[in-house]
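What follows is the content of structure-v7.cif, which has mmCIF, C-alpha atoms:
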data_coords
#
loop_
_atom_site.label_atom_id
_atom_site.label_comp_id
_atom_site.auth_asym_id
_atom_site.auth_seq_id
_atom_site.Cartn_x
_atom_site.Cartn_y
_atom_site.Cartn_z
CA MET A 1 0.00 0.00 0.00
CA THR A 2 1.35 3.45 -0.92
CA MET A 3 1.11 5.97 1.91
CA VAL A 4 1.08 9.74 1.56
CA CYS A 5 3.14 11.53 4.25
CA GLU A 6 2.04 15.04 5.15
CA ARG A 7 3.09 17.71 7.65
CA LEU A 8 0.26 19.66 9.28
CA GLN A 9 -1.19 21.12 6.13
CA ASP A 10 -4.19 19.49 7.70
CA THR A 11 -4.41 16.79 10.35
CA ALA A 12 -6.03 13.49 11.24
CA ILE A 13 -9.56 13.18 12.59
CA GLY A 14 -9.56 13.51 16.36
CA VAL A 15 -6.26 15.43 16.59
CA ASP A 16 -6.60 18.97 17.91
CA ILE A 17 -3.81 21.44 17.13
CA ILE A 18 -3.22 23.76 20.08
CA ARG A 19 -1.02 26.82 20.55
CA THR A 20 -0.51 26.90 24.34
CA PRO A 21 0.32 24.17 26.88
CA GLU A 22 -2.76 25.04 28.93
CA ASN A 23 -4.88 23.71 26.07
CA LEU A 24 -3.45 20.19 26.40
CA SER A 25 -6.46 19.64 28.67
CA ILE A 26 -8.56 19.44 25.50
CA LEU A 27 -7.76 15.72 25.56
CA ALA A 28 -10.62 15.37 28.06
CA LYS A 29 -13.18 16.25 25.37
CA PRO A 30 -14.96 13.12 24.08
CA GLU A 31 -14.13 13.75 20.42
CA CYS A 32 -10.41 14.38 21.02
CA ALA A 33 -8.00 11.47 20.50
CA ALA A 34 -4.82 13.57 20.71
CA ALA A 35 -3.68 17.13 21.37
CA LEU A 36 -0.69 18.43 19.41
CA TRP A 37 1.00 21.51 20.83
CA GLN A 38 2.42 23.16 17.72
CA ARG A 39 5.28 25.43 18.72
CA GLU A 40 8.48 26.90 17.31
CA THR A 41 11.84 25.63 18.56
CA PRO A 42 14.52 28.32 18.97
CA THR A 43 17.01 28.04 16.12
CA ALA A 44 20.07 28.11 18.40
CA PHE A 45 18.74 25.23 20.51
CA GLN A 46 17.81 23.10 17.50
CA THR A 47 21.21 23.71 15.91
CA TRP A 48 22.90 22.67 19.16
CA ILE A 49 20.96 19.47 19.70
CA ASP A 50 21.20 18.44 16.03
CA ALA A 51 24.99 18.87 16.17
CA LEU A 52 25.55 16.70 19.27
CA ASP A 53 27.58 13.55 18.75
CA PRO A 54 25.07 10.67 18.99
CA ASP A 55 27.17 9.14 21.78
CA ASP A 56 26.73 12.33 23.83
CA ILE A 57 22.93 12.39 23.59
CA PRO A 58 21.47 11.60 27.04
CA ALA A 59 19.26 8.53 27.30
CA ALA A 60 17.61 6.95 30.35
CA ARG A 61 14.42 5.49 31.81
CA HIS A 62 13.17 6.44 35.26
CA ILE A 63 9.99 6.27 37.31
CA LEU A 64 9.95 9.27 39.59
CA GLN A 65 7.98 12.04 41.19
CA PRO A 66 7.96 15.20 39.08
CA GLN A 67 9.73 17.28 41.74
CA ASN A 68 12.80 15.10 41.21
CA VAL A 69 12.95 15.46 37.43
CA ARG A 70 15.29 18.46 37.29
CA ALA A 71 17.93 16.87 39.50
CA VAL A 72 17.76 13.57 37.60
CA LEU A 73 18.13 15.34 34.26
CA SER A 74 21.08 17.40 35.51
CA ASP A 75 22.87 14.24 36.62
CA LEU A 76 22.02 12.59 33.29
CA CYS A 77 23.48 15.50 31.31
CA ASP A 78 26.61 15.48 33.50
CA THR A 79 27.05 11.77 32.80
CA ALA A 80 26.65 12.38 29.07
CA GLY A 81 29.34 15.07 29.25
CA LEU A 82 27.10 17.94 28.13
CA LYS A 83 28.54 21.37 28.93
CA ASN A 84 26.40 23.37 31.35
CA ASP A 85 25.29 26.10 28.95
CA PRO A 86 21.96 27.77 28.04
CA ASN A 87 21.05 25.05 25.51
CA ARG A 88 21.50 22.25 28.01
CA GLN A 89 19.49 24.27 30.52
CA GLN A 90 16.70 24.78 28.00
CA LEU A 91 16.47 21.02 27.43
CA ILE A 92 16.26 20.40 31.18
CA ASN A 93 13.74 23.21 31.70
CA ASP A 94 11.49 22.02 28.88
CA ILE A 95 11.42 18.39 29.97
CA THR A 96 10.78 19.47 33.57
CA PHE A 97 7.91 21.71 32.46
CA LEU A 98 6.32 19.02 30.29
CA THR A 99 6.60 16.48 33.10
CA HIS A 100 4.84 18.75 35.58
CA ARG A 101 2.15 19.69 33.08
CA PHE A 102 1.56 16.04 32.20
CA ARG A 103 1.38 15.04 35.87
CA ASP A 104 -1.16 17.76 36.57
CA LEU A 105 -3.35 16.70 33.64
CA MET A 106 -3.24 13.03 34.53
CA GLU A 107 -3.37 13.55 38.33
CA ALA A 108 -0.70 10.87 38.72
CA PRO A 109 1.76 10.85 41.65
CA TYR A 110 4.53 9.29 39.55
CA VAL A 111 5.67 9.60 35.96
CA ARG A 112 7.60 7.15 33.83
CA LEU A 113 10.14 9.28 31.97
CA ARG A 114 12.04 7.92 28.99
CA LEU A 115 14.66 9.70 26.97
CA ASP A 116 15.25 7.42 24.01
CA ARG A 117 18.17 7.75 21.60
CA VAL A 118 16.76 6.09 18.48
CA THR A 119 18.66 4.97 15.39
CA THR A 120 16.56 1.97 14.31
CA ASN A 121 12.98 1.24 13.27
CA ALA A 122 11.72 1.10 16.87
CA CYS A 123 7.92 0.75 17.09
CA ARG A 124 7.52 1.17 13.33
CA ARG A 125 4.10 -0.53 13.27
CA PHE A 126 1.07 1.69 13.70
CA HIS A 127 -0.59 1.05 17.07
CA ILE A 128 -2.39 2.46 20.10
CA ASP A 129 -0.54 2.29 23.42
CA ALA A 130 -1.93 0.04 26.16
CA ILE A 131 -1.97 2.90 28.64
CA SER A 132 -4.36 5.70 29.60
CA ALA A 133 -2.39 8.47 27.86
CA ARG A 134 1.12 9.24 26.70
CA LEU A 135 3.04 12.41 25.88
CA VAL A 136 5.74 12.25 23.21
CA CYS A 137 8.12 15.02 22.16
CA THR A 138 10.87 14.50 19.60
CA TYR A 139 13.69 16.96 20.24
CA ARG A 140 15.93 15.74 17.43
CA GLY A 141 15.09 13.94 14.19
CA THR A 142 11.80 13.01 12.58
CA GLY A 143 8.74 13.30 14.81
CA THR A 144 6.09 10.72 15.63
CA GLN A 145 3.82 9.74 12.74
CA TYR A 146 0.08 9.21 13.01
CA GLY A 147 -3.07 8.62 11.01
CA ASN A 148 -6.63 7.31 11.11
CA SER A 149 -7.63 3.69 10.56
CA ALA A 150 -11.14 2.29 10.64
CA ASP A 151 -10.06 -1.35 10.99
CA GLY A 152 -6.60 -1.30 12.56
CA ALA A 153 -4.82 -1.44 9.21
CA GLU A 154 -2.06 1.01 8.34
CA PRO A 155 -3.42 4.51 7.69
CA THR A 156 -3.43 5.57 4.04
CA ARG A 157 -2.64 9.17 5.02
CA VAL A 158 0.27 9.65 7.40
CA PHE A 159 1.01 12.85 9.28
CA THR A 160 4.30 13.76 11.00
CA VAL A 161 4.50 15.71 14.25
CA PRO A 162 6.94 18.63 13.86
CA THR A 163 10.23 18.23 15.70
CA GLY A 164 10.01 19.94 19.10
CA SER A 165 6.20 19.82 19.28
CA PRO A 166 4.70 17.63 22.04
CA ILE A 167 1.75 15.39 21.24
CA LEU A 168 -0.52 14.02 23.99
CA MET A 169 -2.38 10.88 22.91
CA ARG A 170 -5.04 8.68 24.43
CA GLY A 171 -4.30 5.00 24.93
CA THR A 172 -6.54 1.94 25.10
CA LEU A 173 -7.06 2.43 28.87
CA TRP A 174 -8.58 5.89 28.49
CA PRO A 175 -12.12 5.64 29.92
CA GLU A 176 -13.73 7.07 26.79
CA GLN A 177 -12.70 6.06 23.29
CA PRO A 178 -13.29 8.37 20.30
CA SER A 179 -14.30 6.92 16.95
CA ALA A 180 -11.26 8.45 15.19
CA GLY A 181 -9.26 5.19 15.17
CA LEU A 182 -6.05 7.18 15.67
CA LEU A 183 -2.86 5.12 15.35
CA HIS A 184 0.76 6.23 15.67
CA ARG A 185 4.30 4.93 15.19
CA SER A 186 7.95 5.89 15.34
CA PRO A 187 9.15 6.81 11.84
CA PRO A 188 11.22 4.13 10.08
CA ILE A 189 14.76 5.56 9.96
CA GLU A 190 17.03 2.51 9.98
CA GLY A 191 19.88 2.91 7.52
CA SER A 192 19.34 6.65 7.14
CA GLY A 193 22.08 7.69 9.58
CA GLU A 194 19.54 9.69 11.56
CA THR A 195 19.64 9.76 15.37
CA ARG A 196 16.44 10.82 17.11
CA LEU A 197 16.05 12.04 20.70
CA VAL A 198 12.55 11.28 21.96
CA LEU A 199 10.93 12.12 25.29
CA VAL A 200 8.11 9.77 26.38
CA LEU A 201 6.00 10.38 29.50
CA ASP A 202 3.56 7.84 30.97
CA PRO A 203 1.43 8.27 34.10
CA ILE A 204 2.02 5.96 37.07
CA PHE A 205 -0.93 5.90 39.45
CA SER A 206 0.21 3.56 42.25
CA SER A 207 3.34 2.60 44.14
CA GLU A 208 2.93 -0.97 42.82
CA GLU A 209 3.32 0.31 39.26
CA SER A 210 6.41 2.26 40.25
CA VAL A 211 8.32 -0.83 41.41
#

Structure rendered as structure tokens:
Amino acid sequence: MTMVCERLQDTAIGVDIIRTPENLSILAKPECAAALWQRETPTAFQTWIDALDPDDIPAARHILQPQNVRAVLSDLCDTAGLKNDPNRQQLINDITFLTHRFRDLMEAPYVRLRLDRVTTNACRRFHIDAISARLVCTYRGTGTQYGNSADGAEPTRVFTVPTGSPILMRGTLWPEQPSAGLLHRSPPIEGSGETRLVLVLDPIFSSEESV
């Protein structure tokens, strides 16, 4: 099947394009399957993160309380050898902000935070996550791809989230399911030489889940 890839000239059914982080709460509306915060990334920051040696890109997985995110990220950047400059601080500040905003929306005491350094076709199949909701932000490389499917098959129209723009998506455990049939995937990049840096946030509602 030939797929047409598009970038926000229009968008998939059930995806609301928002301009401020406060409007991420639109996900609670019955007809909303995802909220995409379209924003501009400062040129200096994007140039910096795109120029990092792939081996110096921080990557980790933690379950933590949001008030600990900044300290964990600072230690992670130290371990990666990133110089303490305004660009590093912007990365830490943005991830910290998104984590707190996500926690507030989901009313979850813990958050699973993943910073993934991706060079392969990870999660290249279109799917819906088996979770209540997930926030994804690609800081470097091609963004998450998504599209509508009525029967679970691959979408015939594929949209790409702009680099630096967070998307908040419902999962299969969300109490209300829209009829949009919204699926997403990581873009297939294996063999391209591209290295992506992807932030993924999941809510953790109990201490048992945090173990």

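The space between CA of Thr120 (chain A) and CA of Val158 (chain A) spans 19.3 Å.
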
(request) Any chance you could resolve the PyMOL selection byres ((chain A and resi 190) around 6) against this file and give the residues as a PyMOL selection string? (result) chain A and resi 120-121+189+191-192

(request) Give me, please, the distance in Å between CA of Leu173 (chain A) and CA of Thr20 (chain A), quoted to one decimal. (result)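 Calculated distance between CA of Leu173 (chain A) and CA of Thr20 (chain A) is 25.7 Å.
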
(request) Please provide as JSON, numbers by chain all residues within 9 Å of region 83-94 of chain A, with the sequence filter that same-chain residues fewer than 4 positions apart are discarded (counting all atoms listed in the file). (result) {"A": [44, 45, 46, 48, 49, 69, 70, 73, 74, 77, 78, 98, 99, 139]}

(request) Have a look at A:Ala60, A:Val161, A:Leu105, A:Leu183 and name the one nearest to Cys137 (chain A); count only C-alpha atoms. (result)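 For Cys137 (chain A), the nearest of the given residues is A:Val161.
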
(message) Quick check on the file I pasted: which residues fall under the PyMOL selection byres ((chain A and resi 111) around 8)? Write them as number ranges by chain.
(response) A: 63-66, 99, 103, 108-110, 112-113, 201-204

Go ahead and write the selection's residues with C-alpha atoms as a short mmCIF file (atom, residue, chain, number, x, y, z; two decimals), in the coordinates of the input.
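The resulting selection_19.cif:
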data_model
loop_
_atom_site.label_atom_id
_atom_site.label_comp_id
_atom_site.auth_asym_id
_atom_site.auth_seq_id
_atom_site.Cartn_x
_atom_site.Cartn_y
_atom_site.Cartn_z
CA ILE A 63 9.99 6.27 37.31
CA LEU A 64 9.95 9.27 39.59
CA GLN A 65 7.98 12.04 41.19
CA PRO A 66 7.96 15.20 39.08
CA THR A 99 6.60 16.48 33.10
CA ARG A 103 1.38 15.04 35.87
CA ALA A 108 -0.70 10.87 38.72
CA PRO A 109 1.76 10.85 41.65
CA TYR A 110 4.53 9.29 39.55
CA ARG A 112 7.60 7.15 33.83
CA LEU A 113 10.14 9.28 31.97
CA LEU A 201 6.00 10.38 29.50
CA ASP A 202 3.56 7.84 30.97
CA PRO A 203 1.43 8.27 34.10
CA ILE A 204 2.02 5.96 37.07
#

(message) With distances taken over only C-alpha atoms, which residue among A:Leu82, A:Ala28, A:Ile95, A:Val200 lies nearest Asp129 (chain A)?
(response) A:Val200

(message) As an exercise, work out the distance from CA of Arg196 (chain A) to CA of Leu115 (chain A) in Å and give it to one decimal place.
(response)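 Atom-to-atom, CA of Arg196 (chain A) and CA of Leu115 (chain A) are spaced 10.1 Å apart.
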